[in-house]
file my_file28.txt (compact mmCIF, C-alpha atoms and all ligand atoms)
# COMPACT_ATOMS: atom_id res chain seq x y z
CA MET A 1 0.00 0.00 0.00
CA TYR A 2 1.42 3.34 -1.08
CA THR A 3 0.39 6.74 0.27
CA LEU A 4 0.69 9.65 -2.12
CA TYR A 5 0.75 13.22 -0.87
CA TYR A 6 -0.51 15.24 -3.79
CA SER A 7 -1.95 18.51 -4.96
CA PRO A 8 -4.28 18.59 -7.99
CA GLY A 9 -2.44 19.17 -11.26
CA ALA A 10 0.99 19.44 -9.58
CA ALA A 11 4.06 17.24 -10.15
CA SER A 12 2.29 14.63 -8.04
CA MET A 13 0.21 13.93 -11.15
CA LEU A 14 3.01 11.71 -12.42
CA PRO A 15 3.25 9.24 -9.53
CA HIS A 16 -0.55 9.34 -9.31
CA LEU A 17 -0.84 8.36 -13.00
CA LEU A 18 1.75 5.63 -12.51
CA LEU A 19 -0.13 4.22 -9.53
CA LEU A 20 -3.30 4.15 -11.63
CA GLU A 21 -1.47 2.55 -14.56
CA THR A 22 0.06 -0.16 -12.36
CA GLY A 23 -3.14 -0.78 -10.42
CA ALA A 24 -1.09 -0.72 -7.20
CA ALA A 25 -3.07 -0.21 -3.99
CA HIS A 26 -2.68 3.33 -2.74
CA GLU A 27 -4.29 6.03 -0.69
CA LEU A 28 -4.20 9.73 -1.43
CA LYS A 29 -3.57 12.58 0.97
CA ARG A 30 -4.27 16.00 -0.43
CA VAL A 31 -1.84 18.74 0.52
CA ASP A 32 -3.39 22.19 0.43
CA THR A 33 -0.51 24.02 -1.24
CA ALA A 34 -2.60 27.20 -1.60
CA SER A 35 -2.70 27.59 2.18
CA GLY A 36 0.95 26.55 2.56
CA GLU A 37 0.34 23.12 4.12
CA GLN A 38 3.49 21.87 2.35
CA ARG A 39 5.50 24.05 4.73
CA SER A 40 3.81 22.75 7.90
CA ALA A 41 6.12 21.12 10.44
CA GLU A 42 4.29 17.83 9.97
CA TYR A 43 4.72 17.77 6.19
CA LEU A 44 8.34 18.99 6.32
CA LYS A 45 9.16 15.86 8.31
CA LEU A 46 8.13 13.86 5.24
CA ASN A 47 9.51 16.20 2.61
CA PRO A 48 12.08 18.70 3.90
CA ASN A 49 11.87 20.64 0.62
CA GLY A 50 8.19 21.39 1.28
CA VAL A 51 6.96 20.24 -2.12
CA VAL A 52 4.64 17.63 -3.54
CA PRO A 53 4.80 14.80 -4.34
CA THR A 54 5.82 12.63 -1.45
CA LEU A 55 5.21 8.92 -1.78
CA ILE A 56 5.30 6.64 1.22
CA VAL A 57 6.94 3.41 0.12
CA ASP A 58 7.24 0.58 2.63
CA GLY A 59 6.84 3.12 5.43
CA HIS A 60 9.50 5.53 4.10
CA PRO A 61 8.77 8.94 2.57
CA ARG A 62 10.24 9.20 -0.94
CA ALA A 63 10.38 12.28 -3.14
CA GLU A 64 11.57 13.79 -6.44
CA THR A 65 9.12 13.15 -9.24
CA PRO A 66 11.49 11.52 -11.78
CA ALA A 67 12.94 9.29 -9.06
CA LEU A 68 9.40 8.16 -8.21
CA LEU A 69 8.86 7.43 -11.90
CA LEU A 70 11.92 5.17 -12.01
CA LEU A 71 11.08 3.56 -8.67
CA LEU A 72 7.47 2.74 -9.57
CA CYS A 73 8.50 1.37 -12.98
CA GLU A 74 11.10 -0.81 -11.26
CA ARG A 75 8.72 -2.04 -8.57
CA HIS A 76 5.97 -2.91 -11.06
CA PRO A 77 7.66 -4.49 -14.06
CA GLU A 78 4.42 -6.32 -14.91
CA ALA A 79 2.88 -2.95 -15.91
CA ALA A 80 5.56 -2.62 -18.62
CA LEU A 81 5.82 1.15 -18.20
CA ALA A 82 9.55 1.14 -18.92
CA PRO A 83 11.79 -0.94 -21.15
CA ALA A 84 13.63 -3.69 -19.27
CA THR A 85 17.25 -2.94 -18.34
CA ASP A 86 18.53 -5.06 -21.24
CA ALA A 87 15.98 -3.81 -23.82
CA PRO A 88 17.29 -1.75 -26.79
CA GLU A 89 15.02 1.20 -25.85
CA ARG A 90 16.37 1.40 -22.28
CA ALA A 91 19.05 4.00 -23.03
CA ALA A 92 16.56 6.25 -24.82
CA PHE A 93 14.15 5.86 -21.90
CA LEU A 94 16.74 6.92 -19.33
CA GLN A 95 17.94 9.76 -21.54
CA GLY A 96 14.35 10.94 -22.03
CA VAL A 97 13.51 10.88 -18.31
CA LEU A 98 16.71 12.70 -17.38
CA PHE A 99 16.20 15.24 -20.16
CA LEU A 100 12.77 16.15 -18.77
CA ALA A 101 14.05 16.10 -15.18
CA ASN A 102 17.05 18.33 -15.90
CA THR A 103 15.61 20.77 -18.41
CA LEU A 104 11.85 21.12 -18.81
CA GLN A 105 10.68 20.45 -15.26
CA PRO A 106 13.18 22.89 -13.65
CA ALA A 107 12.30 25.53 -16.26
CA PHE A 108 8.63 25.15 -15.33
CA ARG A 109 9.54 25.38 -11.66
CA LEU A 110 11.06 28.80 -12.41
CA TRP A 111 8.09 29.77 -14.57
CA PHE A 112 5.68 29.14 -11.71
CA TYR A 113 7.99 30.19 -8.88
CA PRO A 114 10.18 33.07 -10.13
CA SER A 115 10.73 33.97 -6.48
CA ASP A 116 12.91 30.83 -6.16
CA VAL A 117 15.68 32.87 -7.76
CA GLY A 118 14.57 36.23 -6.42
CA ALA A 119 13.28 37.48 -9.77
CA THR A 120 11.64 40.83 -9.18
CA ASP A 121 10.56 41.77 -12.71
CA GLU A 122 8.40 38.72 -13.34
CA ALA A 123 7.40 39.66 -16.89
CA ALA A 124 11.02 40.16 -17.98
CA PHE A 125 12.08 36.99 -16.22
CA LYS A 126 9.38 34.95 -17.96
CA ALA A 127 10.19 36.48 -21.33
CA GLY A 128 13.75 35.21 -20.87
CA LEU A 129 12.61 31.78 -19.71
CA ARG A 130 10.00 31.17 -22.38
CA PRO A 131 12.47 30.24 -25.17
CA ARG A 132 14.08 27.68 -22.86
CA ILE A 133 10.73 25.92 -22.44
CA GLU A 134 9.89 26.20 -26.14
CA ARG A 135 13.27 24.74 -27.11
CA CYS A 136 12.43 21.67 -25.02
CA PHE A 137 9.15 21.35 -26.92
CA ASP A 138 11.09 21.65 -30.21
CA GLN A 139 13.36 18.83 -29.06
CA LEU A 140 10.47 16.61 -27.99
CA ALA A 141 8.66 17.24 -31.28
CA ALA A 142 11.85 16.37 -33.19
CA GLN A 143 11.86 12.98 -31.47
CA LEU A 144 8.39 12.31 -32.89
CA ALA A 145 9.23 13.56 -36.38
CA ASP A 146 9.70 10.07 -37.84
CA GLY A 147 6.00 9.38 -37.30
CA ARG A 148 6.36 7.32 -34.13
CA PRO A 149 3.28 7.48 -31.90
CA TYR A 150 5.22 7.59 -28.62
CA LEU A 151 8.55 9.01 -27.50
CA LEU A 152 10.19 5.59 -27.49
CA GLY A 153 8.59 4.46 -30.76
CA GLU A 154 5.62 2.16 -31.07
CA ARG A 155 5.56 1.49 -27.38
CA PHE A 156 3.85 3.66 -24.75
CA SER A 157 5.92 4.26 -21.61
CA ALA A 158 6.05 6.29 -18.41
CA LEU A 159 8.10 8.82 -20.37
CA ASP A 160 4.97 9.78 -22.34
CA LEU A 161 3.09 10.40 -19.09
CA TYR A 162 5.92 12.58 -17.78
CA ALA A 163 6.09 14.60 -21.03
CA THR A 164 2.31 15.05 -21.16
CA MET A 165 2.09 16.24 -17.56
CA LEU A 166 4.75 18.86 -18.36
CA MET A 167 2.99 19.82 -21.60
CA ARG A 168 -0.18 20.42 -19.60
CA TRP A 169 1.65 22.97 -17.49
CA SER A 170 2.16 25.10 -20.62
CA ARG A 171 -1.58 25.47 -21.23
CA ASN A 172 -1.67 29.13 -20.18
CA MET A 173 1.61 30.07 -21.84
CA PRO A 174 1.71 32.25 -24.96
CA LYS A 175 2.54 29.15 -27.04
CA PRO A 176 1.27 26.01 -25.33
CA ALA A 177 2.77 22.61 -26.21
CA THR A 178 -0.37 21.69 -28.14
CA GLU A 179 0.65 24.21 -30.80
CA TRP A 180 3.30 21.69 -31.86
CA PRO A 181 1.11 19.27 -33.89
CA LEU A 182 3.25 16.24 -33.04
CA LEU A 183 3.11 17.07 -29.34
CA LYS A 184 -0.64 17.56 -29.48
CA ALA A 185 -0.97 14.16 -31.14
CA LEU A 186 1.11 12.59 -28.35
CA ALA A 187 -0.89 14.41 -25.67
CA ASP A 188 -4.14 13.25 -27.29
CA ARG A 189 -2.99 9.62 -27.15
CA VAL A 190 -2.01 9.94 -23.50
CA ARG A 191 -5.17 11.88 -22.59
CA ALA A 192 -7.28 9.08 -24.04
CA ARG A 193 -5.85 6.60 -21.55
CA PRO A 194 -8.10 5.47 -18.71
CA SER A 195 -5.44 6.46 -16.15
CA TRP A 196 -5.46 10.07 -17.36
CA GLN A 197 -9.23 10.26 -17.33
CA LYS A 198 -9.47 8.65 -13.91
CA LEU A 199 -6.90 11.07 -12.51
CA TYR A 200 -8.88 14.03 -13.84
CA GLU A 201 -11.97 12.70 -12.10
CA ILE A 202 -10.15 12.12 -8.81
CA GLU A 203 -8.13 15.36 -8.80
CA GLY A 204 -11.05 17.40 -10.18
CA LEU A 205 -9.16 18.79 -13.17
CA THR A 206 -10.49 20.13 -16.44
CA GLU A 207 -8.98 19.19 -19.78
CA TRP A 208 -6.87 21.64 -21.76
CA VAL A 209 -7.19 22.19 -25.50
N1 LIG B 1 12.00 18.60 -7.53
C1 LIG B 1 10.66 18.37 -7.06
C2 LIG B 1 9.84 19.61 -7.39
C3 LIG B 1 8.39 19.46 -6.95
C4 LIG B 1 7.65 20.78 -7.03
O1 LIG B 1 8.20 21.82 -7.40
N2 LIG B 1 6.36 20.72 -6.63
C5 LIG B 1 5.54 21.91 -6.64
C6 LIG B 1 4.20 21.64 -7.32
S1 LIG B 1 4.41 21.19 -9.01
C7 LIG B 1 5.21 22.31 -5.21
O2 LIG B 1 5.09 21.48 -4.33
N3 LIG B 1 5.06 23.61 -4.99
C8 LIG B 1 4.71 24.16 -3.71
C9 LIG B 1 5.79 25.05 -3.18
O3 LIG B 1 6.92 25.07 -3.72
O4 LIG B 1 5.53 25.71 -2.19
C10 LIG B 1 10.09 17.12 -7.73
O5 LIG B 1 10.52 16.79 -8.84
O6 LIG B 1 9.27 16.44 -7.12

call {"tool": "encode", "arguments": {"input": "my_file28.txt", "output": "structure tokens"}}
result
Amino acid sequence: MYTLYYSPGAASMLPHLLLLETGAAHELKRVDTASGEQRSAEYLKLNPNGVVPTLIVDGHPRAETPALLLLLCERHPEAALAPATDAPERAAFLQGVLFLANTLQPAFRLWFYPSDVGATDEAAFKAGLRPRIERCFDQLAAQLADGRPYLLGERFSALDLYATMLMRWSRNMPKPATEWPLLKALADRVRARPSWQKLYEIEGLTEWV
């Protein structure tokens, strides 16, 4: 039994989707980030960085979204959400996860929390950051340019869930990810999955165009 500390639409979407995909037993604990519950003494004991997600695994609090992706894929090989360690697509899978973890997700963190780096002129800061995010979308779209349906090829993986969650975060940006036709096509495939639809129902989200 896992326990996921989450906030609707936040990075916790990814472990939540993975739990739904694997069918693993789990309970959800909502963290009210709007009121600052993530900085309460009780929550900081679980996650000293004061962010969601936190996933309780075998009684231990675990954090960092991409690490939870790798951990859940490893613990539930039967769900086939990642290529096996000796599969030819494994290197591309690891590269893809680390690319998102090191580039796009941190850029979004700055987009939503410019105060992390003490940015005072938010508009100017975001204008500078926007090309960094759009370059990541260019790179993701280039990976789909050979007509493959998913980032690893014919096969759906946890990488597609990670990319689609991040694409969703661009929905209010001047040029959302869905303006890249290949990215929209990928997002549409992922959004059609039962796990995505179930998560929307549970987290109370509304779909983006
Ligand atoms: N590096 C962390 C970042 C998580 C993160 O930034 N979570 C955001 C929501 S998407 C959060 O909890 N924000 C509340 C806050 O920073 O106060 C991860 O990958 O899990």

call {"tool": "residues_near_ligand", "arguments": {"input": "my_file28.txt", "ligand": "ligand LIG 1 (chain B)", "cutoff": "7 Å", "atoms": "all atoms listed in the file", "output": "mmCIF file with C-alpha atoms, in the frame of the given file"}}
result
data_model
loop_
_atom_site.group_PDB
_atom_site.id
_atom_site.type_symbol
_atom_site.label_atom_id
_atom_site.label_comp_id
_atom_site.auth_asym_id
_atom_site.auth_seq_id
_atom_site.Cartn_x
_atom_site.Cartn_y
_atom_site.Cartn_z
ATOM 1 C CA ALA A 10 0.990 19.440 -9.580
ATOM 2 C CA ALA A 11 4.060 17.240 -10.150
ATOM 3 C CA SER A 12 2.290 14.630 -8.040
ATOM 4 C CA THR A 33 -0.510 24.020 -1.240
ATOM 5 C CA GLY A 36 0.950 26.550 2.560
ATOM 6 C CA GLN A 38 3.490 21.870 2.350
ATOM 7 C CA GLY A 50 8.190 21.390 1.280
ATOM 8 C CA VAL A 51 6.960 20.240 -2.120
ATOM 9 C CA VAL A 52 4.640 17.630 -3.540
ATOM 10 C CA PRO A 53 4.800 14.800 -4.340
ATOM 11 C CA ALA A 63 10.380 12.280 -3.140
ATOM 12 C CA GLU A 64 11.570 13.790 -6.440
ATOM 13 C CA THR A 65 9.120 13.150 -9.240
ATOM 14 C CA PRO A 66 11.490 11.520 -11.780
ATOM 15 C CA ARG A 109 9.540 25.380 -11.660
#

call {"tool": "atom_distance", "arguments": {"input": "my_file28.txt", "atom1": "CA of Glu122 (chain A)", "atom2": "CA of Thr103 (chain A)"}}
result
20.0 Å

call {"tool": "closest_residue", "arguments": {"input": "my_file28.txt", "among": "A:Leu159, A:Cys136, A:Leu144, A:Ala41", "to": "Leu81 (chain A)", "atoms": "all atoms listed in the file"}}
result
A:Leu159

call {"tool": "closest_atom_pairs", "arguments": {"input": "my_file28.txt", "of": "region 18-64 of chain A", "to": "region 68-75 of chain A", "cutoff": "12 Å", "atoms": "only C-alpha atoms", "output": "CSV"}}
result
residue,atom,partner,partner_atom,distance
A:Leu18,CA,A:Leu72,CA,7.1
A:Leu19,CA,A:Leu72,CA,7.7
A:Leu20,CA,A:Leu72,CA,11.1
A:Glu21,CA,A:Cys73,CA,10.2
A:Thr22,CA,A:Leu72,CA,8.4
A:Gly23,CA,A:Leu72,CA,11.2
A:Ala24,CA,A:Leu72,CA,9.5
A:Val52,CA,A:Leu68,CA,11.6
A:Pro53,CA,A:Leu68,CA,9.0
A:Thr54,CA,A:Leu68,CA,8.9
A:Leu55,CA,A:Leu68,CA,7.7
A:Ile56,CA,A:Leu68,CA,10.4
A:Val57,CA,A:Leu71,CA,9.7
A:Asp58,CA,A:Arg75,CA,11.6
A:Pro61,CA,A:Leu68,CA,10.8
A:Arg62,CA,A:Leu68,CA,7.4
A:Ala63,CA,A:Leu68,CA,6.6
A:Glu64,CA,A:Leu68,CA,6.3

call {"tool": "closest_residue", "arguments": {"input": "my_file28.txt", "among": "A:Ala141, A:Ala80, A:Val117, A:Ala163", "to": "Val97 (chain A)", "atoms": "only C-alpha atoms"}}
result
A:Ala163

call {"tool": "closest_residue", "arguments": {"input": "my_file28.txt", "among": "A:Pro131, A:Leu104, A:Ala119, A:Ala67", "to": "Met165 (chain A)", "atoms": "all atoms listed in the file"}}
result
A:Leu104

call {"tool": "axis_aligned_box", "arguments": {"input": "my_file28.txt", "around": "region 88-99 of chain A", "padding_each_side": "3 Å", "output": "AutoDock Vina command-line options"}}
result
--center_x 16.3 --center_y 6.7 --center_z -22.1 --size_x 11.5 --size_y 23.0 --size_z 15.4

call {"tool": "residues_around", "arguments": {"input": "my_file28.txt", "residues": "Asp188 (chain A)", "least_positions_apart": "2", "cutoff": "12 Å", "atoms": "all atoms listed in the file", "output": "list in words"}}
result
Pro149, Tyr150, Asp160, Leu161, Thr164, Met165, Met167, Arg168, Ala177, Thr178, Pro181, Leu182, Leu183, Lys184, Ala185, Leu186, Val190, Arg191, Ala192, Arg193, Trp196, Gln197, Glu207, Trp208 and Val209 of chain A

call {"tool": "residues_around", "arguments": {"input": "my_file28.txt", "residues": "region 112-116 of chain A", "least_positions_apart": "5", "cutoff": "9 Å", "atoms": "all atoms listed in the file", "output": "list in words"}}
result
Ala107, Glu122, Phe125 and Lys126 of chain A

call {"tool": "closest_residue", "arguments": {"input": "my_file28.txt", "among": "A:Leu151, A:Ala123, A:Ile133, A:Ala101", "to": "Glu89 (chain A)", "atoms": "all atoms listed in the file"}}
result
A:Leu151

call {"tool": "atom_distance", "arguments": {"input": "my_file28.txt", "atom1": "CA of Gln95 (chain A)", "atom2": "CA of Phe156 (chain A)"}}
result
15.7 Å

call {"tool": "residues_around", "arguments": {"input": "my_file28.txt", "residues": "Lys29 (chain A)", "least_positions_apart": "4", "cutoff": "10 Å", "atoms": "all atoms listed in the file", "output": "ChimeraX atom specification"}}
result
/A:3-7,54-55
